[in-house]
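Trainee: I'd like to ask some things about the structure below.
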Amino acid sequence: MDSRFRVKTLRATESPQQLVWLALHQDYSEDSVIDCVDPPSERLSGEIAVKRLLAGERGHYGCLEHPQISLAVAGFPHSVMQQARTHRVGVSFDVQSGRYTGKRIIDLAEGRRQIEDVFYLRPTGEYHDRKGKSYQYTEDQRKIDSFILLESAIAFRNAMERGMSEEHARDMIPYAIRQDFVVSFNLRSALHFMDLRGKADAQHEIVRFSQLLWPCIQEWTPEIAAYYTKHRLGKARLAP
Ligand SMILES: Cc1cc2nc3c(=O)[nH]c(=O)nc-3n(C[C@H](O)[C@H](O)[C@H](O)COP(=O)(O)OP(=O)(O)OC[C@H]3O[C@@H](n4cnc5c(N)ncnc54)[C@H](O)[C@@H]3O)c2cc1C
């Protein structure tokens with residue numbers, strides 16, 4: 001795991017599993033949950049939610065749409081942000097702008113930052129192309145790629161010095177740029193994201209993002225996450 005990849009919960013609905021319980025309780029209650037007794041404990045609410053909504057692939061995921069979690073995601077390359085942003089139901093993003101930011105690229109061009117603070121390169125090792133053919137990503141090749149990235153940072157700095165705007169000069173910046181973002185999910189959309197992006201054939205880096213996202217969900221909704229871990233995590237059991 002790249003040490004600059006980070007995911008941190010910023011805010012999350014308190015007692016999320018009790019909220020799921022209140023939602024499911026309303027479904028079969030004659031009267032409003034406004035007037036109902038207090039929900040069971042957070043743990044028991046989670047267990048009831050698993051039993052009544054999820055177990056045996058019941059698929060009653062709707063009640064999971066009420067709790068919300070917001071996370072800060074740092075250090076991943078532009079491609080991860082781009083892939084994550086294809087998810088649009090129950091998900092919201094704020095992404096580091098290329099219009100208002102660019103100083104870190106100039107810092108790199110002028111030697112005040114290290115290349116890997118600004119750009120991401122895969123570790124050396126064996127990889128596969130999309131057809132399954134293996135190839136080596138060597139230290140020598142990685143050095144050449146670092147040089148190309150540094151050249152792009154210098155081109156960006158030179159363009160800015162000529163008076164170009166950031167939004168114009170960024171055309172010289174490759175996908176390898178690390179781009180930070182804030183993302184909010186509801187519990188259902190977070191699980192759906194894990195279905196699609198935590199599976200082995202998703203791109204290496206977004207799988208890493210999923211691996212850092214998952215502990216945040218586990219800590220937040222332990223009983224529901226335990227069910228998901230057992231029955232769906234990494235199994236590519238996709239929702240329709
Ligand atoms: C391994 C992998 C490779 C991919 N490669 C590419 C690629 O090369 N190019 C590319 O453009 N995309 C690619 N994608 C993105 C993919 O096509 C989806 O757009 C993306 O994963 C978002 O998922 P989602 O459609 O489930 O959307 P979400 O926003 O996560 O939606 C959740 C669910 O809501 C429902 N839903 C959402 N929108 C609608 C709608 N408009 N109508 C009806 N139901 C809806 C669906 O049930 C959907 O599954 C790839 C995804 C993966 C996982």
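Here, A, B, ... name the chains of the structure tokens in the order displayed, residue numbers run from 1 inside each chain, and ligands are numbered from 1 in the same displayed order.
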What do you get as a PyMOL selection string if you pick all residues at most 6 Å from ligand 1, counting only C-alpha atoms and all ligand atoms?
Mentor: chain A and resi 86-89+196-197+201-202+239-240
Trainee: Give me a file of those residues, with C-alpha atoms, as a compact mmCIF listing (two decimals), in the first residue's frame.
Mentor:
```txt
# COMPACT_ATOMS: atom_id res chain seq x y z
CA THR A 86 -18.88 7.33 -11.94
CA HIS A 87 -20.97 6.39 -8.88
CA ARG A 88 -23.74 8.93 -8.65
CA VAL A 89 -26.63 7.39 -6.73
CA LEU A 196 -17.94 -2.87 -7.65
CA ARG A 197 -14.62 -1.42 -6.54
CA ASP A 201 -10.57 -7.11 -11.30
CA ALA A 202 -11.16 -3.45 -10.46
CA ALA A 239 -26.22 -5.47 -7.28
CA PRO A 240 -28.34 -5.00 -10.45
```
Trainee: List the spatial neighbours of range 32-39 of chain A as a compact mmCIF listing (two decimals) with C-alpha atoms, in the first residue's frame - criterion: any atom at most 8 Å away, only C-alpha atoms, same-chain residues fewer than 2 positions off excluded.
Mentor:
```txt
# COMPACT_ATOMS: atom_id res chain seq x y z
CA GLN A 18 -30.56 2.24 15.26
CA TRP A 21 -33.96 -0.16 12.75
CA LEU A 22 -36.28 2.87 13.07
CA HIS A 25 -39.75 -0.57 12.18
CA GLN A 26 -41.84 2.11 10.46
CA SER A 29 -45.80 -0.29 12.47
CA GLU A 30 -49.39 0.86 12.60
CA SER A 41 -29.20 -1.08 21.42
CA SER A 45 -30.45 -2.99 16.00
```
Trainee: At a cut-off of 12 Å, using only C-alpha atoms, what residues contact Asp145 in chain A? Leave out same-chain residues fewer than 3 positions from it and give the result as an mmCIF file with N, CA and C atoms, in the first residue's frame.
Mentor:
```cif
data_model
loop_
_atom_site.group_PDB
_atom_site.id
_atom_site.type_symbol
_atom_site.label_atom_id
_atom_site.label_comp_id
_atom_site.auth_asym_id
_atom_site.auth_seq_id
_atom_site.Cartn_x
_atom_site.Cartn_y
_atom_site.Cartn_z
ATOM 1 N N ILE A 115 8.977 14.100 -5.853
ATOM 2 C CA ILE A 115 8.098 13.689 -6.955
ATOM 3 C C ILE A 115 6.894 12.887 -6.459
ATOM 4 N N GLU A 116 7.142 11.968 -5.508
ATOM 5 C CA GLU A 116 6.035 11.090 -5.094
ATOM 6 C C GLU A 116 5.088 11.751 -4.106
ATOM 7 N N PHE A 119 2.968 13.161 -7.442
ATOM 8 C CA PHE A 119 2.529 12.168 -8.423
ATOM 9 C C PHE A 119 2.605 10.768 -7.817
ATOM 10 N N TYR A 120 1.753 9.896 -8.353
ATOM 11 C CA TYR A 120 1.751 8.488 -7.921
ATOM 12 C C TYR A 120 2.324 7.627 -9.039
ATOM 13 N N LEU A 121 3.243 6.744 -8.669
ATOM 14 C CA LEU A 121 3.708 5.706 -9.595
ATOM 15 C C LEU A 121 3.539 4.363 -8.913
ATOM 16 N N ARG A 122 3.086 3.382 -9.669
ATOM 17 C CA ARG A 122 2.937 2.042 -9.084
ATOM 18 C C ARG A 122 4.282 1.529 -8.584
ATOM 19 N N PRO A 123 4.269 0.684 -7.571
ATOM 20 C CA PRO A 123 5.527 0.052 -7.154
ATOM 21 C C PRO A 123 6.068 -0.844 -8.265
ATOM 22 N N THR A 124 7.361 -1.081 -8.230
ATOM 23 C CA THR A 124 7.931 -2.013 -9.210
ATOM 24 C C THR A 124 7.363 -3.404 -8.945
ATOM 25 N N TYR A 137 7.404 -4.213 -14.238
ATOM 26 C CA TYR A 137 7.612 -2.768 -14.095
ATOM 27 C C TYR A 137 8.898 -2.621 -13.288
ATOM 28 N N THR A 138 9.969 -2.237 -13.970
ATOM 29 C CA THR A 138 11.306 -2.278 -13.363
ATOM 30 C C THR A 138 11.672 -0.935 -12.715
ATOM 31 N N GLU A 139 12.715 -0.985 -11.906
ATOM 32 C CA GLU A 139 13.223 0.232 -11.266
ATOM 33 C C GLU A 139 13.688 1.225 -12.328
ATOM 34 N N ASP A 140 14.335 0.722 -13.370
ATOM 35 C CA ASP A 140 14.816 1.624 -14.435
ATOM 36 C C ASP A 140 13.644 2.331 -15.107
ATOM 37 N N GLN A 141 12.598 1.564 -15.415
ATOM 38 C CA GLN A 141 11.444 2.164 -16.083
ATOM 39 C C GLN A 141 10.776 3.191 -15.163
ATOM 40 N N ARG A 142 10.725 2.848 -13.871
ATOM 41 C CA ARG A 142 10.085 3.760 -12.903
ATOM 42 C C ARG A 142 10.845 5.091 -12.830
ATOM 43 N N ILE A 148 9.714 11.806 -16.601
ATOM 44 C CA ILE A 148 8.648 12.344 -17.468
ATOM 45 C C ILE A 148 7.664 13.182 -16.634
ATOM 46 N N LEU A 149 7.342 12.692 -15.441
ATOM 47 C CA LEU A 149 6.414 13.428 -14.574
ATOM 48 C C LEU A 149 7.022 14.757 -14.117
ATOM 49 N N LEU A 150 8.322 14.709 -13.797
ATOM 50 C CA LEU A 150 8.995 15.953 -13.399
ATOM 51 C C LEU A 150 8.981 16.955 -14.553
ATOM 52 N N GLU A 151 9.231 16.453 -15.769
ATOM 53 C CA GLU A 151 9.197 17.335 -16.950
ATOM 54 C C GLU A 151 7.817 17.979 -17.102
ATOM 55 N N SER A 152 6.757 17.203 -16.821
ATOM 56 C CA SER A 152 5.403 17.769 -16.955
ATOM 57 C C SER A 152 5.181 18.867 -15.913
ATOM 58 N N PRO A 174 -0.241 14.782 -16.201
ATOM 59 C CA PRO A 174 -0.733 13.412 -16.446
ATOM 60 C C PRO A 174 -1.685 12.890 -15.360
ATOM 61 N N ALA A 176 -1.302 10.698 -13.379
ATOM 62 C CA ALA A 176 -0.614 10.269 -12.157
ATOM 63 C C ALA A 176 -0.710 11.289 -11.032
#
```
Trainee: Pick out the closest residue to Ser146 in chain A from this set: A:Leu108, A:Ile48, A:Leu238, A:Ala55. Count only C-alpha atoms.
Mentor: A:Leu108
Trainee: I'd like to know which of A:Ser70, A:Thr101, A:Gln218, A:Gln211 is closest to Met160 in chain A, using only C-alpha atoms.
Mentor: A:Thr101
Trainee: Any idea what's packed within 12 Å of Ala84 in chain A, counting only C-alpha atoms, ignoring anything in its chain fewer than 3 positions away? Could you give it as JSON, numbers by chain?
Mentor: {"A": [73, 76, 77, 78, 79, 80, 81, 87, 88, 89, 91, 92, 93, 94, 95, 181, 182, 183, 184, 185, 189, 190, 192, 193, 194, 196, 197, 198, 202, 203, 205, 206, 207, 209, 210]}
Trainee: Could you write out that same residue set with C-alpha atoms as a PDB file, in the first residue's frame?
Mentor:
```pdb
ATOM      1  CA  VAL A  73      -9.591  10.657   0.758  1.00  0.00           C
ATOM      2  CA  PHE A  76      -4.808   8.671  -4.746  1.00  0.00           C
ATOM      3  CA  PRO A  77      -4.121   9.389  -8.414  1.00  0.00           C
ATOM      4  CA  HIS A  78      -6.602  11.256 -10.612  1.00  0.00           C
ATOM      5  CA  SER A  79      -7.797   7.964 -12.164  1.00  0.00           C
ATOM      6  CA  VAL A  80      -9.214   6.795  -8.806  1.00  0.00           C
ATOM      7  CA  MET A  81     -11.188  10.006  -8.376  1.00  0.00           C
ATOM      8  CA  HIS A  87     -20.969   6.395  -8.875  1.00  0.00           C
ATOM      9  CA  ARG A  88     -23.742   8.932  -8.653  1.00  0.00           C
ATOM     10  CA  VAL A  89     -26.627   7.394  -6.728  1.00  0.00           C
ATOM     11  CA  VAL A  91     -22.842   9.530  -3.387  1.00  0.00           C
ATOM     12  CA  SER A  92     -21.526  13.093  -3.414  1.00  0.00           C
ATOM     13  CA  PHE A  93     -18.029  14.415  -4.103  1.00  0.00           C
ATOM     14  CA  ASP A  94     -15.937  17.504  -3.623  1.00  0.00           C
ATOM     15  CA  VAL A  95     -12.653  17.191  -5.452  1.00  0.00           C
ATOM     16  CA  PHE A 181     -11.374  14.553  -2.393  1.00  0.00           C
ATOM     17  CA  VAL A 182     -14.197  14.397   0.118  1.00  0.00           C
ATOM     18  CA  VAL A 183     -16.867  11.792  -0.525  1.00  0.00           C
ATOM     19  CA  SER A 184     -20.160  11.107   1.215  1.00  0.00           C
ATOM     20  CA  PHE A 185     -22.050   7.843   0.945  1.00  0.00           C
ATOM     21  CA  SER A 189     -24.229   3.267  -1.677  1.00  0.00           C
ATOM     22  CA  ALA A 190     -21.055   2.513   0.317  1.00  0.00           C
ATOM     23  CA  HIS A 192     -22.581  -0.984  -3.546  1.00  0.00           C
ATOM     24  CA  PHE A 193     -19.271   0.831  -4.047  1.00  0.00           C
ATOM     25  CA  MET A 194     -17.512  -2.020  -2.224  1.00  0.00           C
ATOM     26  CA  LEU A 196     -17.942  -2.871  -7.647  1.00  0.00           C
ATOM     27  CA  ARG A 197     -14.619  -1.417  -6.539  1.00  0.00           C
ATOM     28  CA  GLY A 198     -13.376  -3.864  -3.926  1.00  0.00           C
ATOM     29  CA  ALA A 202     -11.164  -3.454 -10.459  1.00  0.00           C
ATOM     30  CA  GLN A 203      -8.124  -1.210 -10.907  1.00  0.00           C
ATOM     31  CA  GLU A 205      -5.506   1.631  -6.870  1.00  0.00           C
ATOM     32  CA  ILE A 206      -9.283   1.797  -6.399  1.00  0.00           C
ATOM     33  CA  VAL A 207      -9.146  -1.646  -4.767  1.00  0.00           C
ATOM     34  CA  PHE A 209      -9.094   2.761  -1.731  1.00  0.00           C
ATOM     35  CA  SER A 210     -11.817   0.176  -1.009  1.00  0.00           C
TER      36      SER A 210
END
```
Trainee: Env of Arg237 in chain A: 10 Å cut, atoms = only C-alpha atoms, seq-sep filter 4 positions within chain, self excluded. Answer as a list in words.
Mentor: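 Counting only C-alpha atoms, the residues come to His192, Asp195, Leu196, Lys199, His231, Arg232 and Leu233 of chain A.
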Trainee: Quick one: pick out all strand (DSSP E or B) residues within range 7-174 of chain A from a backbone DSSP run and write them as a list in words.
Mentor: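 Selecting the strand (DSSP E or B) positions of range 7-174 of chain A gives Val7, Lys8, Thr9, Leu10, Arg11, Ala12, Gln68, Ile69, Ser70, Leu71, Ala72, Val73, Ala74, Pro77, Val91, Ser92, Phe93, Asp94, Val95, Phe119, Gly125, Glu126, Tyr127, His128, Ser134, Tyr135, Gln136 and Tyr137 of chain A.
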Trainee: Could the residues in this selection be written to a file with N, CA and C atoms, as a PDB file, in the first residue's frame?
Mentor:
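Saved as selection-v4.pdb:
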```pdb
ATOM      1  N   VAL A   7      -7.490   7.412   4.022  1.00  0.00           N
ATOM      2  CA  VAL A   7      -8.948   7.605   4.074  1.00  0.00           C
ATOM      3  C   VAL A   7      -9.316   7.813   5.533  1.00  0.00           C
ATOM      4  N   LYS A   8     -10.063   8.885   5.799  1.00  0.00           N
ATOM      5  CA  LYS A   8     -10.435   9.168   7.195  1.00  0.00           C
ATOM      6  C   LYS A   8     -11.903   9.589   7.256  1.00  0.00           C
ATOM      7  N   THR A   9     -12.623   9.037   8.218  1.00  0.00           N
ATOM      8  CA  THR A   9     -14.008   9.465   8.419  1.00  0.00           C
ATOM      9  C   THR A   9     -14.016  10.888   8.963  1.00  0.00           C
ATOM     10  N   LEU A  10     -14.764  11.761   8.303  1.00  0.00           N
ATOM     11  CA  LEU A  10     -14.888  13.144   8.777  1.00  0.00           C
ATOM     12  C   LEU A  10     -16.088  13.280   9.719  1.00  0.00           C
ATOM     13  N   ARG A  11     -17.232  12.820   9.240  1.00  0.00           N
ATOM     14  CA  ARG A  11     -18.458  12.824  10.034  1.00  0.00           C
ATOM     15  C   ARG A  11     -19.278  11.615   9.613  1.00  0.00           C
ATOM     16  N   ALA A  12     -20.099  11.116  10.538  1.00  0.00           N
ATOM     17  CA  ALA A  12     -20.987  10.013  10.194  1.00  0.00           C
ATOM     18  C   ALA A  12     -22.199  10.067  11.112  1.00  0.00           C
ATOM     19  N   GLN A  68     -25.632   8.276   6.894  1.00  0.00           N
ATOM     20  CA  GLN A  68     -24.663   8.913   5.978  1.00  0.00           C
ATOM     21  C   GLN A  68     -23.266   8.923   6.596  1.00  0.00           C
ATOM     22  N   ILE A  69     -22.270   8.773   5.742  1.00  0.00           N
ATOM     23  CA  ILE A  69     -20.871   8.894   6.204  1.00  0.00           C
ATOM     24  C   ILE A  69     -20.095   9.761   5.212  1.00  0.00           C
ATOM     25  N   SER A  70     -19.262  10.643   5.739  1.00  0.00           N
ATOM     26  CA  SER A  70     -18.423  11.504   4.893  1.00  0.00           C
ATOM     27  C   SER A  70     -16.965  11.236   5.207  1.00  0.00           C
ATOM     28  N   LEU A  71     -16.158  11.096   4.159  1.00  0.00           N
ATOM     29  CA  LEU A  71     -14.754  10.714   4.334  1.00  0.00           C
ATOM     30  C   LEU A  71     -13.833  11.646   3.557  1.00  0.00           C
ATOM     31  N   ALA A  72     -12.642  11.865   4.111  1.00  0.00           N
ATOM     32  CA  ALA A  72     -11.579  12.552   3.372  1.00  0.00           C
ATOM     33  C   ALA A  72     -10.677  11.482   2.762  1.00  0.00           C
ATOM     34  N   VAL A  73     -10.392  11.646   1.486  1.00  0.00           N
ATOM     35  CA  VAL A  73      -9.591  10.657   0.758  1.00  0.00           C
ATOM     36  C   VAL A  73      -8.381  11.389   0.189  1.00  0.00           C
ATOM     37  N   ALA A  74      -7.186  10.930   0.520  1.00  0.00           N
ATOM     38  CA  ALA A  74      -5.978  11.666   0.133  1.00  0.00           C
ATOM     39  C   ALA A  74      -4.965  10.756  -0.541  1.00  0.00           C
ATOM     40  N   PRO A  77      -4.278   8.707  -7.130  1.00  0.00           N
ATOM     41  CA  PRO A  77      -4.121   9.389  -8.414  1.00  0.00           C
ATOM     42  C   PRO A  77      -5.471   9.798  -9.000  1.00  0.00           C
ATOM     43  N   VAL A  91     -24.252   9.170  -3.603  1.00  0.00           N
ATOM     44  CA  VAL A  91     -22.842   9.530  -3.387  1.00  0.00           C
ATOM     45  C   VAL A  91     -22.655  10.993  -3.785  1.00  0.00           C
ATOM     46  N   SER A  92     -21.805  11.701  -3.053  1.00  0.00           N
ATOM     47  CA  SER A  92     -21.526  13.093  -3.414  1.00  0.00           C
ATOM     48  C   SER A  92     -20.035  13.371  -3.224  1.00  0.00           C
ATOM     49  N   PHE A  93     -19.477  14.165  -4.116  1.00  0.00           N
ATOM     50  CA  PHE A  93     -18.029  14.415  -4.103  1.00  0.00           C
ATOM     51  C   PHE A  93     -17.702  15.906  -4.073  1.00  0.00           C
ATOM     52  N   ASP A  94     -16.622  16.235  -3.414  1.00  0.00           N
ATOM     53  CA  ASP A  94     -15.937  17.504  -3.623  1.00  0.00           C
ATOM     54  C   ASP A  94     -14.474  17.174  -3.856  1.00  0.00           C
ATOM     55  N   VAL A  95     -13.969  17.644  -4.994  1.00  0.00           N
ATOM     56  CA  VAL A  95     -12.653  17.191  -5.452  1.00  0.00           C
ATOM     57  C   VAL A  95     -11.707  18.374  -5.557  1.00  0.00           C
ATOM     58  N   PHE A 119       2.968  13.161  -7.442  1.00  0.00           N
ATOM     59  CA  PHE A 119       2.529  12.168  -8.423  1.00  0.00           C
ATOM     60  C   PHE A 119       2.605  10.768  -7.817  1.00  0.00           C
ATOM     61  N   GLY A 125       7.406  -4.238  -9.970  1.00  0.00           N
ATOM     62  CA  GLY A 125       6.907  -5.606  -9.788  1.00  0.00           C
ATOM     63  C   GLY A 125       6.269  -6.138 -11.046  1.00  0.00           C
ATOM     64  N   GLU A 126       5.587  -7.278 -10.897  1.00  0.00           N
ATOM     65  CA  GLU A 126       4.953  -7.922 -12.055  1.00  0.00           C
ATOM     66  C   GLU A 126       3.496  -7.480 -12.151  1.00  0.00           C
ATOM     67  N   TYR A 127       3.079  -7.107 -13.344  1.00  0.00           N
ATOM     68  CA  TYR A 127       1.699  -6.691 -13.599  1.00  0.00           C
ATOM     69  C   TYR A 127       1.169  -7.462 -14.801  1.00  0.00           C
ATOM     70  N   HIS A 128      -0.142  -7.325 -15.019  1.00  0.00           N
ATOM     71  CA  HIS A 128      -0.775  -7.972 -16.177  1.00  0.00           C
ATOM     72  C   HIS A 128      -1.479  -6.926 -17.022  1.00  0.00           C
ATOM     73  N   SER A 134       1.598 -11.025 -18.704  1.00  0.00           N
ATOM     74  CA  SER A 134       2.360 -10.376 -17.630  1.00  0.00           C
ATOM     75  C   SER A 134       3.518  -9.540 -18.175  1.00  0.00           C
ATOM     76  N   TYR A 135       3.903  -8.535 -17.411  1.00  0.00           N
ATOM     77  CA  TYR A 135       5.072  -7.719 -17.746  1.00  0.00           C
ATOM     78  C   TYR A 135       5.696  -7.224 -16.444  1.00  0.00           C
ATOM     79  N   GLN A 136       6.969  -6.852 -16.519  1.00  0.00           N
ATOM     80  CA  GLN A 136       7.691  -6.343 -15.356  1.00  0.00           C
ATOM     81  C   GLN A 136       7.715  -4.821 -15.373  1.00  0.00           C
ATOM     82  N   TYR A 137       7.404  -4.213 -14.238  1.00  0.00           N
ATOM     83  CA  TYR A 137       7.612  -2.768 -14.095  1.00  0.00           C
ATOM     84  C   TYR A 137       8.898  -2.621 -13.288  1.00  0.00           C
TER      85      TYR A 137
END
```
Trainee: Restricting the calculation to only C-alpha atoms: of A:Met164, A:Ala153, A:Ala226, A:Leu191, which residue gets closest to Arg99 in chain A?
Mentor: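 Going through A:Met164, A:Ala153, A:Ala226, A:Leu191 one by one, the smallest distance to Arg99 in chain A is for A:Met164.
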Trainee: Which neighbours of Ser97 in chain A fall inside 9 Å, counting only C-alpha atoms, when residues of the same chain fewer than 4 positions from it are skipped, and could you give them as JSON, numbers by chain?
Mentor: {"A": [101, 102, 167, 179, 180]}
Trainee: Give the helix (DSSP H, G or I) residues of range 15-187 of chain A, as DSSP finds them on the backbone, and put them as an MDAnalysis selection string.
Mentor: chainID A and resid 16:27 33:35 42:57 61:65 78:84 103:109 115:118 139:161 166:172 187
Trainee: Using CA of Ile144 in chain A and CA of Met172 in chain A as the two end points, give the distance in Å to one decimal.
Mentor: 17.4 Å
Trainee: Counting only C-alpha atoms, which of A:Ile217, A:Asp31, A:Arg4, A:Tyr227 gets nearest to Glu57 in chain A?
Mentor: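 Answer, going by the shortest atom-to-atom distance: A:Tyr227.
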Trainee: What's around Glu110 in chain A at 12 Å? Count only C-alpha atoms, leave out sequence neighbours fewer than 4 positions away in its own chain, and write the answer as a list of chain:residue names.
Mentor: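 That gives A:Lys103, A:Arg104, A:Ile105, A:Ile106, A:Gln114, A:Ile115, A:Leu150, A:Glu151, A:Ala153, A:Ile154, A:Ala155, A:Phe156, A:Arg157, A:Asn158.
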Trainee: Residues of the last selection are to be written out with C-alpha atoms, as a compact mmCIF listing (two decimals), in the first residue's frame.
Mentor:
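selection.txt, written as the output of this step:
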```txt
# COMPACT_ATOMS: atom_id res chain seq x y z
CA LYS A 103 1.24 25.32 -6.12
CA ARG A 104 2.37 21.84 -5.17
CA ILE A 105 3.23 21.16 -8.83
CA ILE A 106 5.31 24.35 -8.99
CA GLN A 114 9.51 15.23 -3.80
CA ILE A 115 8.10 13.69 -6.95
CA LEU A 150 8.99 15.95 -13.40
CA GLU A 151 9.20 17.33 -16.95
CA ALA A 153 5.62 19.68 -13.66
CA ILE A 154 8.31 21.93 -15.18
CA ALA A 155 6.13 22.50 -18.27
CA PHE A 156 3.25 23.46 -15.94
CA ARG A 157 5.47 25.88 -14.00
CA ASN A 158 6.79 27.43 -17.24
```
Trainee: What's the separation between CA of Tyr61 in chain A and CA of Ser15 in chain A, in Å to one decimal place?
Mentor: 17.6 Å
